[in-house]
There are 2 protein chains.
Amino acid sequence: MPKKRILPYVLLGLINNKGKLSGYQISQEFKNEVGDFWHASHSQIYPELARMKDDGWLIDEDVDKSTFYSVTAEGHKILRNWMQEPLTDNEEIFSLKLYFIKDQTDPLLNNLLQQELELRQEKYDYLKGRLEEVFTDDATIQNNYGHYLILTRAIEREENHIHWLKSKVN
Amino acid sequence: MPKKRILPYVLLGLINNKGKLSGYQISQEFKNEVGDFWHASHSQIYPELARMKDDGWLIDEDVDKSTFYSVTAEGHKILRNWMQEPLTDNEEIFSLKLYFIKDQTDPLLNNLLQQELELRQEKYDYLKGRLEEVFTDDATIQNNYGHYLILTRAIEREENHIHWLKSKVN
DNA sequence: CGATCCATGTAAATGGTTACATGATTTA
DNA sequence: TAAATCATGTAACCATTTACATGGATCG
């Protein structure tokens with residue numbers, strides 16, 4: 001799961017895509033659409049929004065009982081920078097960044113696909129090497145069958161992902 | 001990622017499969033094989049081993065400068081229980097449990113595959129429903145292209161996984 | 001003799017979940 | 001009128017990472 005601080009970028013991305021959002025609406029968002037790729041609880045969202053406002057990434061506006069947040073120019077800059085940061089071996093971040101791309105013609109789209117393709121190919125080569133290194137004979141397979149299964153599955157998984165990426169990348 | 005307390009079970013599984021292990025050896029293990037599916041740092045491993053010894057899951061034995069741990073009868077019971085616990089929608093735990101199965105004839109193997117198959121099928125249906133619910137017309141696809149891509153990718157991913165599971169399950 | 005590895009430990013910081021808390025509004 | 005939903009917040013706890021710390025053994 002989730003290691004480095006990525007919640008603020010998720011919030012920026014959400015508010016940027018949907019326009020003004022309250023903390024409550026964001027917590028609802030995590031129960032829909034984006035919830036398939038990321039989650040945060042309200043006890044994390046509210047203080048984070050306050051911090052981001054302090055940092056000038058968001059401005060707030062009180063309407064009725066709710067506080068609505070919008071992305072500032074500074075916030076847009078931060079979000080754009082994050083979107084352009086090189087991907088690491090972390091499918092979740094790839095999914096999230098992809099989720100935040102609205103337009104098929106956005107040059108970042110192809111960039112992301114290309115980056116992910118390279119990463120997946122590296123991983124594929126690594127796993128293939130592992131398989132050859134560890135499972136040299138049939139006895140080893142028989143005595144570590146679960147490990148063998150899950151490693152060959154991981155390889156097939158990468159193959160499938162690479163195939164998909166190749167079909168989408170230009 | 002990783003939410004509930006699963007480290008102790010990983011340690012039990014490792015020590016059970018490899019025999020006596022020291023904290024250091026375990027931390028090295030995470031740089032190999034099992035490191036593809038789980039990781040823990042030494043600062044987590046050492047206190048955890050001590051706690052597990054306190055709880056009677058492990059016994060220790062000092063040789064040279066190292067402390068080696070073995071799984072007790074109680075530890076075996078705990079491990080077996082964990083292995084038999086129903087899976088949740090968490091591929092990591094499926095991978096780990098599979099990794100700990102040594103023998104192709106272990107009835108737990110087929111059980112795990114079957115459970116995972118059901119979970120993946122549920123997830124597949126859910127994602128399919130999501131796709132139909134959210135992307136009702138072409139304009140929605142064009143205006144949320146990244147979301148469309150990643151959702152269709154998630155579906156293909158489940159398809160591929162289900163296909164693999166079906167080929168392994170009896 | 002300095003670097004790296006073996007081997008173990010604690011402390012501090014980070015990120016996240018769960019629980020506690022409050023109060024207004026809507027719905028059955 | 002009780003339950004559910006809207007709406008926001010804090011406190012406590014938990015798992016994990018990073019940093020701090022020590023000391024012996026080996027290797028170049």
# chains A, B, ... in the order shown; residues from 1 in each chain; ligands from 1
call {"tool": "residues_around", "arguments": {"residues": "Glu156 (chain B)", "least_positions_apart": "4", "cutoff": "12 Å", "atoms": "only C-alpha atoms (C1' of nucleotides)", "output": "VMD selection string"}}
result
(chain A and resid 157 160 to 161 163 to 165) or (chain B and resid 120 to 121 123 to 125 127 to 128 149 to 152 160 to 163)
call {"tool": "residues_around", "arguments": {"residues": "DA21 (chain D)", "least_positions_apart": "5", "cutoff": "12 Å", "atoms": "only C-alpha atoms (C1' of nucleotides)", "output": "list in words"}}
result
DT8, DG9, DT10 and DA11 of chain C
call {"tool": "interface_residues", "arguments": {"of": "chain B", "to": "chain C", "cutoff": "9 Å", "atoms": "only C-alpha atoms (C1' of nucleotides)", "output": "CSV table (one decimal) with N, CA, C and O atoms, in the first residue's frame"}}
result
chain,number,residue,atom,x,y,z
B,3,LYS,N,-3.0,-3.4,6.1
B,3,LYS,CA,-3.7,-2.6,7.1
B,3,LYS,C,-3.6,-3.4,8.4
B,3,LYS,O,-3.0,-3.0,9.4
B,23,GLY,N,16.7,-13.1,13.4
B,23,GLY,CA,16.1,-11.8,13.0
B,23,GLY,C,16.9,-11.3,11.8
B,23,GLY,O,16.2,-10.9,10.8
B,24,TYR,N,18.2,-11.4,11.8
B,24,TYR,CA,19.0,-10.9,10.7
B,24,TYR,C,18.7,-11.7,9.4
B,24,TYR,O,18.5,-11.1,8.3
B,42,HIS,N,14.3,-4.4,9.8
B,42,HIS,CA,14.8,-5.0,11.0
B,42,HIS,C,14.2,-4.4,12.3
B,42,HIS,O,14.1,-5.1,13.3
B,43,SER,N,14.0,-3.1,12.2
B,43,SER,CA,13.5,-2.5,13.5
B,43,SER,C,12.1,-2.9,13.8
B,43,SER,O,11.6,-2.7,14.9
B,46,TYR,N,12.8,-7.4,14.9
B,46,TYR,CA,13.4,-7.8,16.2
B,46,TYR,C,12.3,-7.8,17.3
B,46,TYR,O,12.2,-8.7,18.1
B,47,PRO,N,11.7,-6.6,17.5
B,47,PRO,CA,10.7,-6.5,18.6
B,47,PRO,C,9.5,-7.5,18.4
B,47,PRO,O,9.0,-8.1,19.4
B,65,LYS,N,26.7,-15.3,18.1
B,65,LYS,CA,26.2,-13.9,18.4
B,65,LYS,C,24.7,-13.8,18.0
B,65,LYS,O,24.1,-12.7,18.1
B,66,SER,N,24.1,-14.9,17.4
B,66,SER,CA,22.8,-14.8,16.9
B,66,SER,C,21.8,-15.5,17.8
B,66,SER,O,22.1,-16.4,18.5
call {"tool": "select_by_dssp", "arguments": {"residues": "region 66-123 of chain A", "states": "helix (DSSP H, G or I)", "output": "PyMOL selection string"}}
result
chain A and resi 73-84+91-99+107-123
call {"tool": "residues_around", "arguments": {"residues": "Glu61 (chain B)", "least_positions_apart": "2", "cutoff": "10 Å", "atoms": "only C-alpha atoms (C1' of nucleotides)", "output": "list in words"}}
result
Lys20, Leu21, Ser22, Ile59, Val63, Asp64, Ser66, Thr67, Phe68, Tyr69 and Ser70 of chain B
call {"tool": "atom_distance", "arguments": {"atom1": "CA of Glu29 (chain B)", "atom2": "CA of Asn144 (chain A)"}}
result
15.1 Å
call {"tool": "interface_residues", "arguments": {"of": "chain B", "to": "chain D", "cutoff": "10 Å", "atoms": "only C-alpha atoms (C1' of nucleotides)", "output": "ChimeraX atom specification"}}
result
/B:2-7,40-41,43-44,65
call {"tool": "write_last_selection", "arguments": {"atoms": "C-alpha atoms", "output": "PDB file, in the first residue's frame"}}
result
ATOM      1  CA  PRO B   2      -1.253  -3.592   4.338  1.00  0.00           C
ATOM      2  CA  LYS B   3      -3.722  -2.634   7.109  1.00  0.00           C
ATOM      3  CA  LYS B   4      -4.333  -5.316   9.714  1.00  0.00           C
ATOM      4  CA  ARG B   5      -1.560  -6.944  11.662  1.00  0.00           C
ATOM      5  CA  ILE B   6      -0.118  -9.542   9.325  1.00  0.00           C
ATOM      6  CA  LEU B   7       3.598  -9.323  10.071  1.00  0.00           C
ATOM      7  CA  ALA B  40       9.541  -5.543   6.827  1.00  0.00           C
ATOM      8  CA  SER B  41      12.551  -3.717   8.232  1.00  0.00           C
ATOM      9  CA  SER B  43      13.479  -2.451  13.461  1.00  0.00           C
ATOM     10  CA  GLN B  44      10.101  -4.104  13.132  1.00  0.00           C
ATOM     11  CA  LYS B  65      26.152 -13.950  18.425  1.00  0.00           C
TER      12      LYS B  65
END
call {"tool": "interface_residues", "arguments": {"of": "chain A", "to": "chain B", "cutoff": "7 Å", "atoms": "only C-alpha atoms", "output": "list in words"}}
result
Met1, Pro2, Ser95, Leu98, Tyr99, Phe100, Ile101, Lys102, Asp103, Gln104, Gln142, Asn143, Asn144, Tyr145, Gly146, His147 and Ile150 of chain A
call {"tool": "residues_around", "arguments": {"residues": "Asp89 (chain B)", "least_positions_apart": "2", "cutoff": "7 Å", "atoms": "only C-alpha atoms (C1' of nucleotides)", "output": "PyMOL selection string"}}
result
chain B and resi 87+91+119
call {"tool": "atom_distance", "arguments": {"atom1": "CA of Trp57 (chain A)", "atom2": "CA of Gln25 (chain A)"}}
result
18.3 Å
